[in-house]
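**Student:** Below you'll find the structure I mean.
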Amino acid sequence: MSRKFIQAFIILFIASLLLIGCTYSDIIVLDSPKAVDGVLDLRDWDWKENGIVHLNGQWEFYWQELFTPEDFKKDFPTEGKELVVLPRAWNKLLINEEELTGNGFATYRLIVHHPDNEILGIKIPRIFTSYNLWANGELIASAGKVSVDNKQMVPQYLPQVKYIRPEMDVVELVIQVANYRHRSGGILESIQMGLASEITEVRIRNLTLELFLFGSLFIIGFYHLVLFLFRTKDKTTLYFGIYSIIIGIRTLLIGEIYFIYLFPNFNWEVAHKIQTLAYYLSVPLVLLFLRAAFPHDVSRKANTFIQIIASSFGVLVLLAPVRIFTPFNPFYQVFSLGVFVYVFYVVAVTCYKKREGAYLIGIGLTILILTAVNDIIFLSTLLADTDNHFLRSIITRGNLSSRGLLVFVFTQSLVVAKKFSKSFTNVELLSEQLQQVNVTLEDKVRERTHALETSKEELKKAYEAVSRSEKSLQSLTQNISHDLRTPLSAIKGYVNAILDGIVKEPQQQNKYLKRVIEKVNHLNHMVQELLDLSQLQSRQLKLEFTEIPVKILLENLTEKYKLDMANQKVQFKVHYPPNWQSNTSELMTLSVIVDMEKLERVFTNLLTNALKHTSNEGIIQLSFNFTANKKNLLIKISDTGTGIPQEDLPHIFDRFYMVSKARQTNSSGLGLTIVKEIVEYHGGEVWVQSEVGKGSDFFFILPVHS
Ligand code: ADP
């Protein structure tokens with residue numbers, strides 16, 4: 001909000017500088033003396049203090065006469081003498097009860113009395129449309145060719161500054177004017193008189209300002225056209241560019257009309273056409289610009305209507321001579337005012353809807369339009385054809401719109417700058433986002449590559465596992481057939497021996513049959529183990545889990561195995577966790593979820609293995625402990641037996657794996673596999689440490705719940 005306020009303040013400040021700064025000299029005009037009865041008395045006028053005088057008031061006027069100062073010396077032309085208040089066109093003046101049109105010729109005369117014989121300057125505006133000017137009998141200025149004949153007369157707009165010789169304290173000004181080309185004829189703007197230095201200064205100041213305006217507008221216009229070429233999507237820059245350039249050109253054709261000094265013989269008609277066209281085109285261009293800036297707020301119908309009317313007037317200016325099209329000018333001026341009202345309406349709507357840049361464009365356009373209205377009134381018949389003092393005191397110059405446009409240019413460049421900086425910010429933001437996306441993309445690619453690599457590795461492992469299991473399936477079948485065939489062929493041998501009568505004695509036969517039973521039992525055991533294992537591995541065998549406090553579990557187990565091991569020849573020791581006796585309550589709160597029957601099988605298998613491989617003097621120990629934070633119950637079964645060779649350690653939990661190549665009796669190579677399966681089914685792990693000749697330590701853990 002405050003930023004907008006500051007912007008508005010700066011714009012208004014610059015606008016006032018441009019507008020007021022250029023018009024201050026005109027304010028003095030208001031109370032400068034007026035000519036009465038063809039005489040302007042400036043004897044009390046202090047040139048130095050009071051400045052320049054506009055030679056306004058009653059001038060002598062001789063209609064359809066071209067007098068020279070010589071003629072007035074003879075005291076001749078008193079007859080046709082009229083008085084006319086300048087500045088104004090002679091249109092609509094009543095001479096001999098006849099209303100004048102713009103066409104015709106006349107002589108103006110004014111006597112100026114002034115205080116002393118200072119060097120005076122006279123600033124002559126454009127006069128419609130040709131003149132000769134004498135000061136004290138000397139022809140000092142002329143423009144075009146004055147003639148009574150329509151065809152001989154040559155129009156020219158030539159504002160100029162001339163100097164009057166300081167001979168006397170009176171100046172007689174005689175001006176012949178002829179016009180057949182413009183709607184208005186005569187002296188439409190004030191002739192100014194003052195000290196030569198001051199008059200020159202005004203001229204130079206005006207010229208400087210106009211050239212500055214022309215240069216600024218031209219360059220800004222060109223810049224916007226180039227902007228448009230780079231970004232044809234945004235049409236505001238196109239319309240704004242054209243607008244600035246044509247108003248820039250117009251600046252050279254009005255006011256001091258610097259153009260005529262660049263091209264002294266330039267055709268008056270063509271110059272007039274260019275100047276009028278510049279004005280005519282500027283009106284629809286404002287609307288086109290608005291439409292491009294706020295497409296939703298300018299009605300299509302209104303736009304089309306305005307474009308059609310403006311183009312028709314434009315065509316008229318292009319095709320018809322000045323004499324024909326200038327009478328239509330008032331209509332176009334009324335039309336322009338209508339368009340400006342519509343523009344004000346659109347500006348109000350866009351500000352109300354808070355469109356982007358609406359405030360800035362609104363301020364710029366308002367100032368531009370106010371200055372344009374000033375120019376329109378200045379050039380209108382309202383001022384030209386009357387001696388309306390009130391309006392003349394407000395509207396003193398006809399080229400304010402160029403200055404108004406400069407303000408508009410300023411606000412528009414703010415809008416463009418804002419747009420650009422916004423785009424830049426967007427681009428920066430986007431590229432930042434893009435960079436982020438890039439970074440995350442890289443991370444993602446890395447992640448995915450990693451995942452791909454691991455899955456590749458997993459695939460490799462899976463492949464290895466599959467090929468291993470295929471191999472193990474092969475060996476399984478081989479082992480099963482081997483392990484089944486050995487006892488079966490033994491049984492067959494024993495039975496055949498009895499049947500064939502090789503063993504005849506009943507005692508011998510009895511011994512053989514006992515061996516048969518042994519083998520059958522072993523077979524039975526093996527088949528049972530195989531069945532259990534396959535069910536465990538395929539998780540078909542459902543375990544019956546119950547939650548048991550660790551303390552109870554330990555008590556039950558030790559009680560059972562102490563009893564079982566008591567009959568063996570080896571020493572059996574049990575080790576409990578530290579503080580087993582004292583901290584009973586804590587142990588009661590910890591529990592394990594186990595299938596007791598299957599867990600006992602684990603213990604039995606491990607203890608049986610230990611017994612099998614330990615000599616009579618050996619020691620078998622059962623130890624219980626907790627892992628860190630009491631997460632798991634750690635069980636260790638160690639023996640001082642044969643130990644297991646290092647190369648066999650990784651395989652002893654595999655199916656049918658036996659350490660010694662020679663198959664042991666009552667061995668299946670399935671016991672440890674079943675142990676592993678049951679422990680893992682409980683969420684635990686099993687592992688072994690062993691050294692040949694020293695013994696083996698089998699460990700397994702069970703998760704503890706609290
Ligand atoms: P088995 O039913 O033949 O004992 P296991 O799977 O229980 O099969 O054991 C696999 C192999 O591990 C056996 O061949 C045995 O030689 C070896 N083994 C198991 N426990 C011990 C131990 N406590 N000491 C030495 N060797 C052992």
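Every chain in the structure tokens takes a letter, A first, then B, and so on in the order presented; its residues are numbered from 1, and the ligands are numbered from 1 following the presented order.
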Check every protein, DNA and RNA residue against ligand 1, keep those with an atom at most 6 Å away (counting only C-alpha atoms and all ligand atoms), and present them as a PyMOL selection string.
**Tutor:** chain A and resi 609-610+613+641-644+652+657-660+667-673+696
**Student:** Fewer than 5 positions away in the same chain doesn't count, so skip those; otherwise give me all residues within 12 Å of Gly618 (chain A), counting only C-alpha atoms, as a list in words.
**Tutor:**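 Returned residues: Gln568, Lys569, Val570, Gln571, Phe572, Lys573, Ala610, Leu611, Lys612, His613, Ser638, Asp639, Thr640, Gly641, Thr642, Gly693, Lys694, Gly695 and Ser696 of chain A.
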**Student:** Could you take the residues named above and write them with N, CA and C atoms, as an mmCIF file, in the first residue's frame?
**Tutor:**
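And here's out12.cif as it stands now:
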```cif
data_model
loop_
_atom_site.group_PDB
_atom_site.id
_atom_site.type_symbol
_atom_site.label_atom_id
_atom_site.label_comp_id
_atom_site.auth_asym_id
_atom_site.auth_seq_id
_atom_site.Cartn_x
_atom_site.Cartn_y
_atom_site.Cartn_z
ATOM 1 N N GLN A 568 24.103 -90.649 32.487
ATOM 2 C CA GLN A 568 25.222 -90.684 31.537
ATOM 3 C C GLN A 568 26.540 -90.655 32.299
ATOM 4 N N LYS A 569 27.572 -91.047 31.508
ATOM 5 C CA LYS A 569 28.868 -91.125 32.168
ATOM 6 C C LYS A 569 29.571 -89.756 32.216
ATOM 7 N N VAL A 570 29.147 -88.854 31.429
ATOM 8 C CA VAL A 570 29.795 -87.519 31.399
ATOM 9 C C VAL A 570 29.306 -86.657 32.560
ATOM 10 N N GLN A 571 30.098 -85.577 32.829
ATOM 11 C CA GLN A 571 29.655 -84.610 33.843
ATOM 12 C C GLN A 571 28.666 -83.649 33.195
ATOM 13 N N PHE A 572 27.652 -83.272 33.924
ATOM 14 C CA PHE A 572 26.663 -82.323 33.375
ATOM 15 C C PHE A 572 26.521 -81.141 34.342
ATOM 16 N N LYS A 573 26.739 -79.951 33.815
ATOM 17 C CA LYS A 573 26.634 -78.767 34.670
ATOM 18 C C LYS A 573 25.638 -77.776 34.076
ATOM 19 N N ALA A 610 25.926 -83.697 21.720
ATOM 20 C CA ALA A 610 27.059 -83.465 22.618
ATOM 21 C C ALA A 610 27.493 -84.793 23.249
ATOM 22 N N LEU A 611 26.512 -85.543 23.687
ATOM 23 C CA LEU A 611 26.811 -86.839 24.307
ATOM 24 C C LEU A 611 27.517 -87.747 23.327
ATOM 25 N N LYS A 612 26.978 -87.744 22.093
ATOM 26 C CA LYS A 612 27.474 -88.637 21.043
ATOM 27 C C LYS A 612 28.957 -88.392 20.778
ATOM 28 N N HIS A 613 29.370 -87.118 20.849
ATOM 29 C CA HIS A 613 30.720 -86.776 20.415
ATOM 30 C C HIS A 613 31.661 -86.503 21.581
ATOM 31 N N SER A 638 27.593 -76.617 25.640
ATOM 32 C CA SER A 638 28.984 -76.849 25.251
ATOM 33 C C SER A 638 29.460 -78.220 25.735
ATOM 34 N N ASP A 639 30.380 -78.740 24.935
ATOM 35 C CA ASP A 639 30.942 -80.046 25.336
ATOM 36 C C ASP A 639 32.451 -80.002 25.167
ATOM 37 N N THR A 640 33.101 -80.982 25.686
ATOM 38 C CA THR A 640 34.554 -81.051 25.563
ATOM 39 C C THR A 640 34.898 -82.214 24.641
ATOM 40 N N GLY A 641 34.051 -82.413 23.640
ATOM 41 C CA GLY A 641 34.161 -83.567 22.743
ATOM 42 C C GLY A 641 35.144 -83.380 21.609
ATOM 43 N N THR A 642 34.813 -84.058 20.496
ATOM 44 C CA THR A 642 35.734 -84.117 19.355
ATOM 45 C C THR A 642 35.902 -82.762 18.654
ATOM 46 N N GLY A 693 39.155 -81.335 18.727
ATOM 47 C CA GLY A 693 39.919 -81.823 19.883
ATOM 48 C C GLY A 693 39.576 -81.115 21.181
ATOM 49 N N LYS A 694 38.970 -79.954 21.103
ATOM 50 C CA LYS A 694 38.666 -79.209 22.333
ATOM 51 C C LYS A 694 37.188 -79.234 22.685
ATOM 52 N N GLY A 695 36.368 -79.337 21.684
ATOM 53 C CA GLY A 695 34.939 -79.373 21.960
ATOM 54 C C GLY A 695 34.152 -78.363 21.132
ATOM 55 N N SER A 696 32.840 -78.357 21.347
ATOM 56 C CA SER A 696 31.965 -77.474 20.556
ATOM 57 C C SER A 696 31.041 -76.695 21.484
#
```
**Student:** Pick the closest to Val602 (chain A) from A:Ile635, A:Leu227, A:Val692, A:Val177: which is it, counting only C-alpha atoms?
**Tutor:**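 Looking at the shortest contact to Val602 (chain A), the residue is A:Ile635.
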**Student:** Using only C-alpha atoms for the distances, tell me which of A:Leu405, A:Pro155, A:Thr208, A:Asp71 is nearest to Gly241 (chain A).
**Tutor:**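 Smallest separation from Gly241 (chain A) among the options: A:Leu405.
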**Student:** For the helix (DSSP H, G or I) assignment from backbone DSSP, which residues of region 519-687 of chain A qualify? Please present them as JSON, numbers by chain.
**Tutor:** {"A": [519, 520, 521, 522, 523, 524, 525, 526, 527, 528, 529, 530, 531, 532, 533, 534, 535, 536, 537, 550, 551, 552, 553, 554, 555, 556, 557, 558, 559, 560, 561, 562, 563, 564, 565, 566, 584, 585, 586, 587, 588, 589, 596, 597, 598, 599, 600, 601, 602, 603, 604, 605, 606, 607, 608, 609, 610, 611, 612, 628, 629, 630, 646, 647, 648, 649, 650, 651, 671, 672, 673, 674, 675, 676, 677, 678, 679, 680, 681]}
**Student:** Which of these residues is nearest to Glu210 (chain A), using only C-alpha atoms: A:Thr627, A:Ser401, A:Ser311, A:Gln160?
**Tutor:** A:Ser401
**Student:** Write out as JSON, numbers by chain which residues come within 9 Å of Thr68 (chain A) when counting only C-alpha atoms, dropping same-chain ones fewer than 2 positions away.
**Tutor:** {"A": [66, 70, 71, 72, 107, 134, 137, 174, 175, 176]}
**Student:** Would you please extract all strand (DSSP E or B) residues from region 363-593 of chain A, as assigned by DSSP on the backbone, and give them as a list in words?
**Tutor:**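 Taking region 363-593 of chain A and keeping strand (DSSP E or B) only, one gets Thr546, Glu547, Ile548, Pro549, Gln571, Phe572, Lys573, Val574, His575, Ser591, Val592 and Ile593 of chain A.
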**Student:** Could you please take those selected residues and save N, CA, C and O atoms as a PDB file, in the first residue's frame?
**Tutor:**
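Contents of result.pdb, freshly written:
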```pdb
ATOM      1  N   THR A 546       3.018 -70.808  23.719  1.00  0.00           N
ATOM      2  CA  THR A 546       2.456 -70.330  24.994  1.00  0.00           C
ATOM      3  C   THR A 546       3.502 -69.448  25.654  1.00  0.00           C
ATOM      4  O   THR A 546       4.697 -69.630  25.443  1.00  0.00           O
ATOM      5  N   GLU A 547       3.012 -68.468  26.415  1.00  0.00           N
ATOM      6  CA  GLU A 547       3.937 -67.558  27.079  1.00  0.00           C
ATOM      7  C   GLU A 547       4.341 -68.148  28.430  1.00  0.00           C
ATOM      8  O   GLU A 547       3.492 -68.490  29.238  1.00  0.00           O
ATOM      9  N   ILE A 548       5.637 -68.284  28.613  1.00  0.00           N
ATOM     10  CA  ILE A 548       6.125 -68.883  29.867  1.00  0.00           C
ATOM     11  C   ILE A 548       7.163 -67.948  30.478  1.00  0.00           C
ATOM     12  O   ILE A 548       8.080 -67.511  29.766  1.00  0.00           O
ATOM     13  N   PRO A 549       7.063 -67.645  31.772  1.00  0.00           N
ATOM     14  CA  PRO A 549       8.108 -66.833  32.400  1.00  0.00           C
ATOM     15  C   PRO A 549       9.455 -67.552  32.302  1.00  0.00           C
ATOM     16  O   PRO A 549       9.513 -68.791  32.412  1.00  0.00           O
ATOM     17  N   GLN A 571      30.098 -85.577  32.829  1.00  0.00           N
ATOM     18  CA  GLN A 571      29.655 -84.610  33.843  1.00  0.00           C
ATOM     19  C   GLN A 571      28.666 -83.649  33.195  1.00  0.00           C
ATOM     20  O   GLN A 571      28.836 -83.254  32.052  1.00  0.00           O
ATOM     21  N   PHE A 572      27.652 -83.272  33.924  1.00  0.00           N
ATOM     22  CA  PHE A 572      26.663 -82.323  33.375  1.00  0.00           C
ATOM     23  C   PHE A 572      26.521 -81.141  34.342  1.00  0.00           C
ATOM     24  O   PHE A 572      26.294 -81.329  35.529  1.00  0.00           O
ATOM     25  N   LYS A 573      26.739 -79.951  33.815  1.00  0.00           N
ATOM     26  CA  LYS A 573      26.634 -78.767  34.670  1.00  0.00           C
ATOM     27  C   LYS A 573      25.638 -77.776  34.076  1.00  0.00           C
ATOM     28  O   LYS A 573      25.541 -77.665  32.860  1.00  0.00           O
ATOM     29  N   VAL A 574      24.944 -77.092  34.969  1.00  0.00           N
ATOM     30  CA  VAL A 574      23.997 -76.058  34.506  1.00  0.00           C
ATOM     31  C   VAL A 574      24.435 -74.711  35.093  1.00  0.00           C
ATOM     32  O   VAL A 574      24.781 -74.626  36.262  1.00  0.00           O
ATOM     33  N   HIS A 575      24.434 -73.653  34.214  1.00  0.00           N
ATOM     34  CA  HIS A 575      24.764 -72.301  34.683  1.00  0.00           C
ATOM     35  C   HIS A 575      23.577 -71.382  34.434  1.00  0.00           C
ATOM     36  O   HIS A 575      23.049 -71.330  33.331  1.00  0.00           O
ATOM     37  N   SER A 591       9.429 -63.047  29.982  1.00  0.00           N
ATOM     38  CA  SER A 591       8.882 -64.339  29.532  1.00  0.00           C
ATOM     39  C   SER A 591       9.273 -64.608  28.090  1.00  0.00           C
ATOM     40  O   SER A 591       9.744 -63.709  27.376  1.00  0.00           O
ATOM     41  N   VAL A 592       9.089 -65.830  27.681  1.00  0.00           N
ATOM     42  CA  VAL A 592       9.323 -66.206  26.284  1.00  0.00           C
ATOM     43  C   VAL A 592       8.060 -66.867  25.760  1.00  0.00           C
ATOM     44  O   VAL A 592       7.301 -67.450  26.528  1.00  0.00           O
ATOM     45  N   ILE A 593       7.871 -66.712  24.463  1.00  0.00           N
ATOM     46  CA  ILE A 593       6.693 -67.362  23.872  1.00  0.00           C
ATOM     47  C   ILE A 593       7.213 -68.566  23.084  1.00  0.00           C
ATOM     48  O   ILE A 593       7.906 -68.399  22.069  1.00  0.00           O
TER      49      ILE A 593
END
```
**Student:** At a cut-off of 12 Å, using only C-alpha atoms, what residues contact Leu217 (chain A)? Leave out same-chain residues fewer than 6 positions from it and give the result as an MDAnalysis selection string.
**Tutor:** chainID A and resid 209:211 223:224 240:252 401:410
**Student:** Since we have the selection now, will you write its residues out, keeping C-alpha atoms, as a short mmCIF file (atom, residue, chain, number, x, y, z; two decimals), in the first residue's frame?
**Tutor:**
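So out29.cif came out as:
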```
data_model
loop_
_atom_site.label_atom_id
_atom_site.label_comp_id
_atom_site.auth_asym_id
_atom_site.auth_seq_id
_atom_site.Cartn_x
_atom_site.Cartn_y
_atom_site.Cartn_z
CA LEU A 209 11.96 21.27 -24.38
CA GLU A 210 10.34 20.22 -27.64
CA LEU A 211 13.50 18.61 -28.94
CA TYR A 223 12.66 0.81 -27.54
CA HIS A 224 9.11 -0.48 -27.08
CA PHE A 240 2.78 2.05 -26.92
CA GLY A 241 5.80 2.21 -29.23
CA ILE A 242 3.82 3.48 -32.22
CA TYR A 243 1.98 5.94 -30.02
CA SER A 244 5.19 7.40 -28.61
CA ILE A 245 6.77 7.74 -32.03
CA ILE A 246 3.84 9.50 -33.66
CA ILE A 247 3.39 11.88 -30.74
CA GLY A 248 7.14 12.49 -30.87
CA ILE A 249 6.89 13.42 -34.54
CA ARG A 250 3.88 15.60 -33.84
CA THR A 251 5.90 17.50 -31.25
CA LEU A 252 8.16 18.71 -34.05
CA SER A 401 -0.10 16.35 -24.68
CA SER A 402 3.51 15.53 -25.52
CA ARG A 403 4.38 16.33 -21.94
CA GLY A 404 1.39 14.34 -20.70
CA LEU A 405 2.62 11.47 -22.80
CA LEU A 406 6.02 11.69 -21.16
CA VAL A 407 4.33 11.16 -17.79
CA PHE A 408 2.44 8.24 -19.26
CA VAL A 409 5.71 6.89 -20.67
CA PHE A 410 7.13 7.07 -17.20
#
```
**Student:** Excluding region 381-398 of chain A and its own-chain neighbours fewer than 4 positions away, which residues fall within 9 Å of it when counting only C-alpha atoms? Please give them as a list in words.
**Tutor:**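 So, after excluding close chain neighbours, the residues are Thr23, Asp26, Ile27, Val29, Leu30, Val85, Leu86, Pro87, Arg88, Ala89, Trp90, Asn91, Lys92, Leu93, Ser184, Ile187, Leu188, Glu189, Ile254, Gly255, Pro330, Ala372, Asn374, Asp375, Ile376 and Ile377 of chain A.
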**Student:** Write the residues of the preceding selection, restricted to N, CA and C atoms, as an mmCIF file, in the first residue's frame.
**Tutor:**
```cif
data_model
loop_
_atom_site.group_PDB
_atom_site.id
_atom_site.type_symbol
_atom_site.label_atom_id
_atom_site.label_comp_id
_atom_site.auth_asym_id
_atom_site.auth_seq_id
_atom_site.Cartn_x
_atom_site.Cartn_y
_atom_site.Cartn_z
ATOM 1 N N THR A 23 4.899 26.163 -18.223
ATOM 2 C CA THR A 23 3.841 27.122 -18.527
ATOM 3 C C THR A 23 3.921 28.385 -17.680
ATOM 4 N N ASP A 26 3.398 31.923 -19.040
ATOM 5 C CA ASP A 26 2.077 32.322 -19.528
ATOM 6 C C ASP A 26 1.230 32.959 -18.435
ATOM 7 N N ILE A 27 1.568 32.661 -17.198
ATOM 8 C CA ILE A 27 0.742 33.156 -16.104
ATOM 9 C C ILE A 27 0.795 34.687 -16.032
ATOM 10 N N VAL A 29 0.824 36.661 -18.363
ATOM 11 C CA VAL A 29 -0.012 37.249 -19.412
ATOM 12 C C VAL A 29 -1.308 37.836 -18.861
ATOM 13 N N LEU A 30 -1.811 37.183 -17.831
ATOM 14 C CA LEU A 30 -3.154 37.512 -17.379
ATOM 15 C C LEU A 30 -3.352 39.005 -17.083
ATOM 16 N N VAL A 85 -10.439 41.707 -31.842
ATOM 17 C CA VAL A 85 -9.692 41.317 -30.630
ATOM 18 C C VAL A 85 -8.858 40.071 -30.931
ATOM 19 N N LEU A 86 -7.567 40.219 -30.764
ATOM 20 C CA LEU A 86 -6.666 39.087 -31.029
ATOM 21 C C LEU A 86 -6.293 38.433 -29.690
ATOM 22 N N PRO A 87 -5.934 37.153 -29.649
ATOM 23 C CA PRO A 87 -5.905 36.278 -30.821
ATOM 24 C C PRO A 87 -7.246 35.609 -31.082
ATOM 25 N N ARG A 88 -7.545 35.467 -32.378
ATOM 26 C CA ARG A 88 -8.708 34.677 -32.827
ATOM 27 C C ARG A 88 -8.676 34.601 -34.346
ATOM 28 N N ALA A 89 -9.384 33.636 -34.852
ATOM 29 C CA ALA A 89 -9.469 33.523 -36.307
ATOM 30 C C ALA A 89 -10.455 34.571 -36.787
ATOM 31 N N TRP A 90 -10.338 34.955 -38.073
ATOM 32 C CA TRP A 90 -11.327 35.930 -38.548
ATOM 33 C C TRP A 90 -12.649 35.272 -38.919
ATOM 34 N N ASN A 91 -12.664 33.937 -38.820
ATOM 35 C CA ASN A 91 -13.934 33.233 -39.087
ATOM 36 C C ASN A 91 -15.022 33.791 -38.176
ATOM 37 N N LYS A 92 -16.216 33.904 -38.739
ATOM 38 C CA LYS A 92 -17.415 34.311 -37.998
ATOM 39 C C LYS A 92 -17.429 35.803 -37.612
ATOM 40 N N LEU A 93 -16.413 36.571 -38.050
ATOM 41 C CA LEU A 93 -16.467 38.027 -37.817
ATOM 42 C C LEU A 93 -17.527 38.612 -38.740
ATOM 43 N N SER A 184 -9.505 27.822 -40.710
ATOM 44 C CA SER A 184 -9.412 29.091 -39.988
ATOM 45 C C SER A 184 -8.394 30.004 -40.644
ATOM 46 N N ILE A 187 -4.788 35.409 -37.101
ATOM 47 C CA ILE A 187 -3.774 35.220 -36.056
ATOM 48 C C ILE A 187 -4.441 34.519 -34.874
ATOM 49 N N LEU A 188 -4.218 33.207 -34.771
ATOM 50 C CA LEU A 188 -4.929 32.411 -33.765
ATOM 51 C C LEU A 188 -4.188 32.314 -32.442
ATOM 52 N N GLU A 189 -2.902 32.655 -32.470
ATOM 53 C CA GLU A 189 -2.135 32.596 -31.218
ATOM 54 C C GLU A 189 -1.514 33.969 -30.966
ATOM 55 N N ILE A 254 4.262 21.001 -34.166
ATOM 56 C CA ILE A 254 3.457 22.033 -33.507
ATOM 57 C C ILE A 254 4.361 22.850 -32.593
ATOM 58 N N GLY A 255 3.816 23.837 -31.934
ATOM 59 C CA GLY A 255 4.612 24.685 -31.047
ATOM 60 C C GLY A 255 5.601 25.514 -31.859
ATOM 61 N N PRO A 330 -13.676 19.589 -35.792
ATOM 62 C CA PRO A 330 -14.468 19.675 -34.554
ATOM 63 C C PRO A 330 -15.206 18.379 -34.243
ATOM 64 N N ALA A 372 -4.279 16.128 -23.307
ATOM 65 C CA ALA A 372 -4.805 16.026 -24.673
ATOM 66 C C ALA A 372 -6.058 16.881 -24.815
ATOM 67 N N ASN A 374 -6.689 19.560 -23.168
ATOM 68 C CA ASN A 374 -6.170 20.933 -23.237
ATOM 69 C C ASN A 374 -5.821 21.288 -24.689
ATOM 70 N N ASP A 375 -5.081 20.400 -25.332
ATOM 71 C CA ASP A 375 -4.659 20.659 -26.714
ATOM 72 C C ASP A 375 -5.845 20.738 -27.661
ATOM 73 N N ILE A 376 -6.816 19.855 -27.415
ATOM 74 C CA ILE A 376 -7.988 19.829 -28.296
ATOM 75 C C ILE A 376 -8.736 21.157 -28.186
ATOM 76 N N ILE A 377 -8.916 21.619 -26.955
ATOM 77 C CA ILE A 377 -9.635 22.888 -26.774
ATOM 78 C C ILE A 377 -8.839 24.026 -27.415
#
```
**Student:** Might you pull out every residue within 10 Å of Gly493 (chain A), with only C-alpha atoms counted and same-chain residues fewer than 5 positions away left off, and present them as an mmCIF file with N, CA and C atoms, in the first residue's frame?
**Tutor:**
```cif
data_model
loop_
_atom_site.group_PDB
_atom_site.id
_atom_site.type_symbol
_atom_site.label_atom_id
_atom_site.label_comp_id
_atom_site.auth_asym_id
_atom_site.auth_seq_id
_atom_site.Cartn_x
_atom_site.Cartn_y
_atom_site.Cartn_z
ATOM 1 N N PRO A 487 19.910 -99.425 5.573
ATOM 2 C CA PRO A 487 19.243 -100.308 6.541
ATOM 3 C C PRO A 487 18.341 -101.338 5.882
ATOM 4 N N LEU A 488 17.733 -100.954 4.731
ATOM 5 C CA LEU A 488 16.814 -101.887 4.060
ATOM 6 C C LEU A 488 17.576 -103.118 3.550
ATOM 7 N N ILE A 498 17.797 -115.865 7.369
ATOM 8 C CA ILE A 498 16.888 -116.744 8.136
ATOM 9 C C ILE A 498 16.087 -117.618 7.179
ATOM 10 N N LEU A 499 15.513 -116.947 6.139
ATOM 11 C CA LEU A 499 14.649 -117.682 5.201
ATOM 12 C C LEU A 499 15.428 -118.748 4.443
ATOM 13 N N TYR A 512 19.298 -112.000 15.004
ATOM 14 C CA TYR A 512 19.127 -111.362 13.689
ATOM 15 C C TYR A 512 17.842 -110.542 13.647
ATOM 16 N N VAL A 516 17.013 -106.607 12.934
ATOM 17 C CA VAL A 516 16.008 -106.127 11.963
ATOM 18 C C VAL A 516 15.143 -105.053 12.620
#
```
